[in-house]
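Scroll down for the structure; my scribbles are underneath it.
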Amino acid sequence: MTAKAQTSATPKKKELRFNLNEDGSHYVKGTFLNQIWLRYTLANPGSEVYGTPDDQIMDIGLRRTRIQVYGQLTDKVFFYTQFGQNNLSYRSPRKQGIFFLDAIGEYKVAEEKLSLGAGLTGWNGVSRYASPSIGTILSLDAPLYQQATNDVNDQFVRKLSVYAKGQLGQLDYRFAVSKPMSIEQSAVQGPIIDENSLVSSEIGYAQYHGYFKYMFLDKESNTTPYQAGSYLGTKDIFNIGLGFMAQKDAMWHYAENTTDTVRTNLAIFAIDAFYDRPLDAGKGSAITAYAAYTYSDYGKNYIRNIGAMNPATGVNAEGTLNGPGSAFPTIGTGSTFYAQFGYLFRRDLLGKAGTLQPYISSQYSSFDLLDDPMAMYDGGINWLIDGNRVKLSMSYQSRPIFATNAEGNYITDERKGMAVMQFQIAL
């Protein structure tokens with residue numbers, strides 16, 4: 001094993017890599033990432049922290065801490081592992097252990113065209129950010145609604161799967177068959193059944209999912225499953241993608257006015273477009289844009305609230321449909337539109353201190369359970385001190401609060417906000 005050689009004609013790369021052969025085609029590479037959140041949250045009505053009501057919560061946490069080790073061992077064999085932890089906050093268990101997010105082995109059947117693999121993996125379907133590259137996220141967070149079964153019957157997006165992936169000219173594809181994890185081990189939902197749809201705790205059928213994108217301009221790498229949020233003007237990208245997820249009898253609910261069990265299929269379909277182009281290659285300015293439409297059928301009136309690294313622990317009688325802390329209806333049966341846009345200023349805007357990248361994003365969902373649409377807005381600015389390797393972000397998210405009116409319908413009652421400063425270090 002030899003360290004990767006550098007010559008005076010070769011730009012020094014900021015990476016940890018060891019070559020296993022002379023030409024570097026066989027290698028092992030390591031990466032590290034840490035995302036630290038400093039946050040102020042106007043909490044949802046009725047929010048409590050260990051029994052004490054609290055409507056304004058300030059906290060600090062590790063949103064994501066990750067280490068990757070992967071490499072090409074032979075011409076045909078590739079391995080990929082990722083371990084770390086998510087959402088370590090003041091309310092987390094002490095001395096929380098790290099865990100594996102990914103652990104796969106992959107065999108190249110035909111150069112570029114087809115590779116087969118298996119293990120715990122993020123080779124997921126439905127849409128681009130079902131497998132986000134977390135170090136290059138443009139906005140405050142990835143669009144979490146695209147992580148359709150996150151921690152319900154998978155492990156932070158990753159699934160126990162066999163998969164096929166490759167590129168046929170400008171067409172990039174991925175297809176996977178997964179064994180859903182047990183609901184009994186989920187911290188999101190227990191093995192319960194109700195009048196509205198929930199994920200079934202019965203022994204599950206296989207889950208099928210895939211994503212196919214046509215790359216009109218530059219091609220993107222598919223070495224790992226994770227797809228970039230912004231290339232910061234280094235690529236000329238325009239893609240259109242289609243994806244799906246399906247599982248027989250994945251959901252259940254009680255039949256109306258009875259305790260008879262009704263089982264329904266899970267079916268999700270999506271179309272999206274990603275555009276990332278330099279405006280002035282000499283100056284380094286660029287734009288990034290993404291838009292997606294998703295139709296999700298989780299069964300009768302399914303809804304799931306998500307509050308990333310939620311700062312509250314519970315909710316009292318004054319609570320609403322949103323639940324505690326920063327949560328809001330993010331995933332459900334119905335249609336969702338999502339869009340984001342970012343503008344990258346010239347690379348020397350702040351001299352040696354880097355440059356700026358302001359952005360906006362929004363999720364607009366029409367869920368069957370809700371009588372008003374769910375509209376989330378997010379905006380902020382990334383201070384790119386050293387690209388995505390050292391980045392300080394300031395963002396503000398506005399979310400709706402859903403309460404019941406006199407007729408028992410769920411309507412938008414008010415809005416709450418959350419301000420986050422994130423410091424990211426990546427290697």
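Identifiers in this document derive from the order of the structure tokens: chains are assigned A, B, ..., residues are numbered from 1 separately in each chain, and ligands are numbered from 1 in order of occurrence.
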
Per residue of region 285-396 of chain A within 9 Å of region 53-69 of chain A, record the nearest atom pair and its distance in Å to one decimal, counting only C-alpha atoms, with rows in chain order and ascending residue number, as JSON lines.
```
{"residue": "A:Ala308", "atom": "CA", "partner": "A:Arg63", "partner_atom": "CA", "distance": 8.3}
{"residue": "A:Met309", "atom": "CA", "partner": "A:Arg63", "partner_atom": "CA", "distance": 6.9}
{"residue": "A:Pro311", "atom": "CA", "partner": "A:Ile57", "partner_atom": "CA", "distance": 7.0}
{"residue": "A:Ala312", "atom": "CA", "partner": "A:Ile57", "partner_atom": "CA", "distance": 8.0}
{"residue": "A:Val315", "atom": "CA", "partner": "A:Pro53", "partner_atom": "CA", "distance": 8.2}
{"residue": "A:Asn316", "atom": "CA", "partner": "A:Pro53", "partner_atom": "CA", "distance": 8.1}
{"residue": "A:Gly325", "atom": "CA", "partner": "A:Asp55", "partner_atom": "CA", "distance": 8.2}
```

For region 182-252 of chain A against region 327-344 of chain A, with a cut-off of 12 Å and counting only C-alpha atoms, what is the closest atom pair and its distance in Å to one decimal for every residue that makes the cut, ordered by chain and number, as a Markdown table?
```
| residue | atom | partner | partner_atom | distance |
| --- | --- | --- | --- | --- |
| A:Asn196 | CA | A:Thr333 | CA | 10.7 |
| A:Ser197 | CA | A:Thr333 | CA | 9.2 |
| A:Leu198 | CA | A:Gly332 | CA | 10.3 |
| A:Val199 | CA | A:Gly332 | CA | 11.7 |
| A:Gly229 | CA | A:Gln340 | CA | 10.0 |
| A:Ser230 | CA | A:Gly342 | CA | 8.6 |
| A:Tyr231 | CA | A:Leu344 | CA | 10.2 |
| A:Leu232 | CA | A:Leu344 | CA | 6.9 |
| A:Gly233 | CA | A:Leu344 | CA | 7.9 |
| A:Thr234 | CA | A:Leu344 | CA | 11.4 |
| A:Met251 | CA | A:Thr333 | CA | 11.5 |
```

* Asked: From the set A:Tyr208, A:Asn44, A:Leu101, A:Leu427, which residue has the shortest atom-to-atom contact distance to Ile401 (chain A), counting only C-alpha atoms?
  -> A:Asn44

* To do: Have a look at CA of Ser395 (chain A) and CA of Ser221 (chain A) and let me know their distance in Å, one decimal.
  => 29.0 Å

* To do: Kindly indicate which residue among A:Tyr50, A:Tyr205, A:Tyr410, A:Phe269 lies nearest to Ile303 (chain A), using only C-alpha atoms for the distances.
  =>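 The closest residue to Ile303 (chain A) is A:Tyr410.
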
* Asked: Can you list, as a list in words, every residue of region 109-146 of chain A that DSSP puts in strand (DSSP E or B)?
  -> Val109, Ala110, Leu114, Ser115, Leu116, Gly117, Ala118, Gly119, Leu120, Thr121 and Pro132 of chain A

Generate a file of the selected residues that holds all heavy atoms, formatted as a CSV table (one decimal), in the first residue's frame.
```csv
chain,number,residue,atom,x,y,z
A,109,VAL,N,-20.2,-6.0,-13.2
A,109,VAL,CA,-20.5,-7.0,-14.3
A,109,VAL,C,-20.0,-6.6,-15.6
A,109,VAL,O,-19.4,-7.3,-16.4
A,109,VAL,CB,-22.0,-7.4,-14.3
A,109,VAL,CG1,-22.3,-8.4,-15.4
A,109,VAL,CG2,-22.4,-7.9,-12.9
A,110,ALA,N,-20.3,-5.3,-16.0
A,110,ALA,CA,-19.9,-4.7,-17.2
A,110,ALA,C,-19.5,-3.3,-17.0
A,110,ALA,O,-20.3,-2.5,-16.4
A,110,ALA,CB,-21.1,-4.8,-18.2
A,114,LEU,N,-23.2,-1.9,-15.8
A,114,LEU,CA,-23.9,-2.7,-14.8
A,114,LEU,C,-23.0,-3.2,-13.6
A,114,LEU,O,-22.0,-3.8,-13.9
A,114,LEU,CB,-24.5,-4.0,-15.4
A,114,LEU,CG,-25.2,-5.0,-14.5
A,114,LEU,CD1,-26.4,-4.4,-13.7
A,114,LEU,CD2,-25.6,-6.3,-15.2
A,115,SER,N,-23.4,-2.8,-12.4
A,115,SER,CA,-22.8,-3.4,-11.2
A,115,SER,C,-23.9,-3.9,-10.3
A,115,SER,O,-25.0,-3.4,-10.2
A,115,SER,CB,-22.0,-2.3,-10.4
A,115,SER,OG,-20.9,-1.8,-11.2
A,116,LEU,N,-23.6,-5.0,-9.6
A,116,LEU,CA,-24.6,-5.6,-8.7
A,116,LEU,C,-24.0,-5.6,-7.3
A,116,LEU,O,-22.8,-5.8,-7.1
A,116,LEU,CB,-24.8,-7.1,-9.1
A,116,LEU,CG,-25.4,-7.3,-10.5
A,116,LEU,CD1,-25.5,-8.8,-10.7
A,116,LEU,CD2,-26.7,-6.7,-10.6
A,117,GLY,N,-24.8,-5.3,-6.3
A,117,GLY,CA,-24.3,-5.2,-4.9
A,117,GLY,C,-25.4,-5.6,-3.9
A,117,GLY,O,-26.6,-5.8,-4.3
A,118,ALA,N,-25.0,-5.7,-2.7
A,118,ALA,CA,-25.9,-6.1,-1.6
A,118,ALA,C,-25.4,-5.6,-0.3
A,118,ALA,O,-24.2,-5.4,-0.1
A,118,ALA,CB,-26.1,-7.6,-1.6
A,119,GLY,N,-26.3,-5.5,0.7
A,119,GLY,CA,-25.9,-5.0,2.0
A,119,GLY,C,-26.8,-4.0,2.6
A,119,GLY,O,-28.0,-3.9,2.1
A,120,LEU,N,-26.4,-3.2,3.6
A,120,LEU,CA,-27.1,-2.1,4.1
A,120,LEU,C,-26.7,-0.9,3.3
A,120,LEU,O,-25.6,-0.5,3.3
A,120,LEU,CB,-26.8,-1.9,5.6
A,120,LEU,CG,-27.4,-0.8,6.3
A,120,LEU,CD1,-29.0,-0.9,6.4
A,120,LEU,CD2,-26.9,-0.6,7.7
A,121,THR,N,-27.7,-0.3,2.6
A,121,THR,CA,-27.3,0.6,1.5
A,121,THR,C,-28.3,1.7,1.3
A,121,THR,O,-29.5,1.6,1.5
A,121,THR,CB,-27.0,-0.1,0.2
A,121,THR,OG1,-26.6,0.8,-0.8
A,121,THR,CG2,-28.2,-0.9,-0.3
A,132,PRO,N,-29.4,11.6,-0.5
A,132,PRO,CA,-28.7,12.9,-0.6
A,132,PRO,C,-27.3,12.8,-0.2
A,132,PRO,O,-26.9,12.1,0.7
A,132,PRO,CB,-29.5,13.8,0.3
A,132,PRO,CG,-30.0,12.9,1.4
A,132,PRO,CD,-30.3,11.6,0.8
```

* Could you check which of A:Ala267, A:Ala142, A:Leu171, A:Ile306 is closest to Ser326 (chain A), using only C-alpha atoms? =>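 Smallest distance to Ser326 (chain A) is found for A:Ile306.
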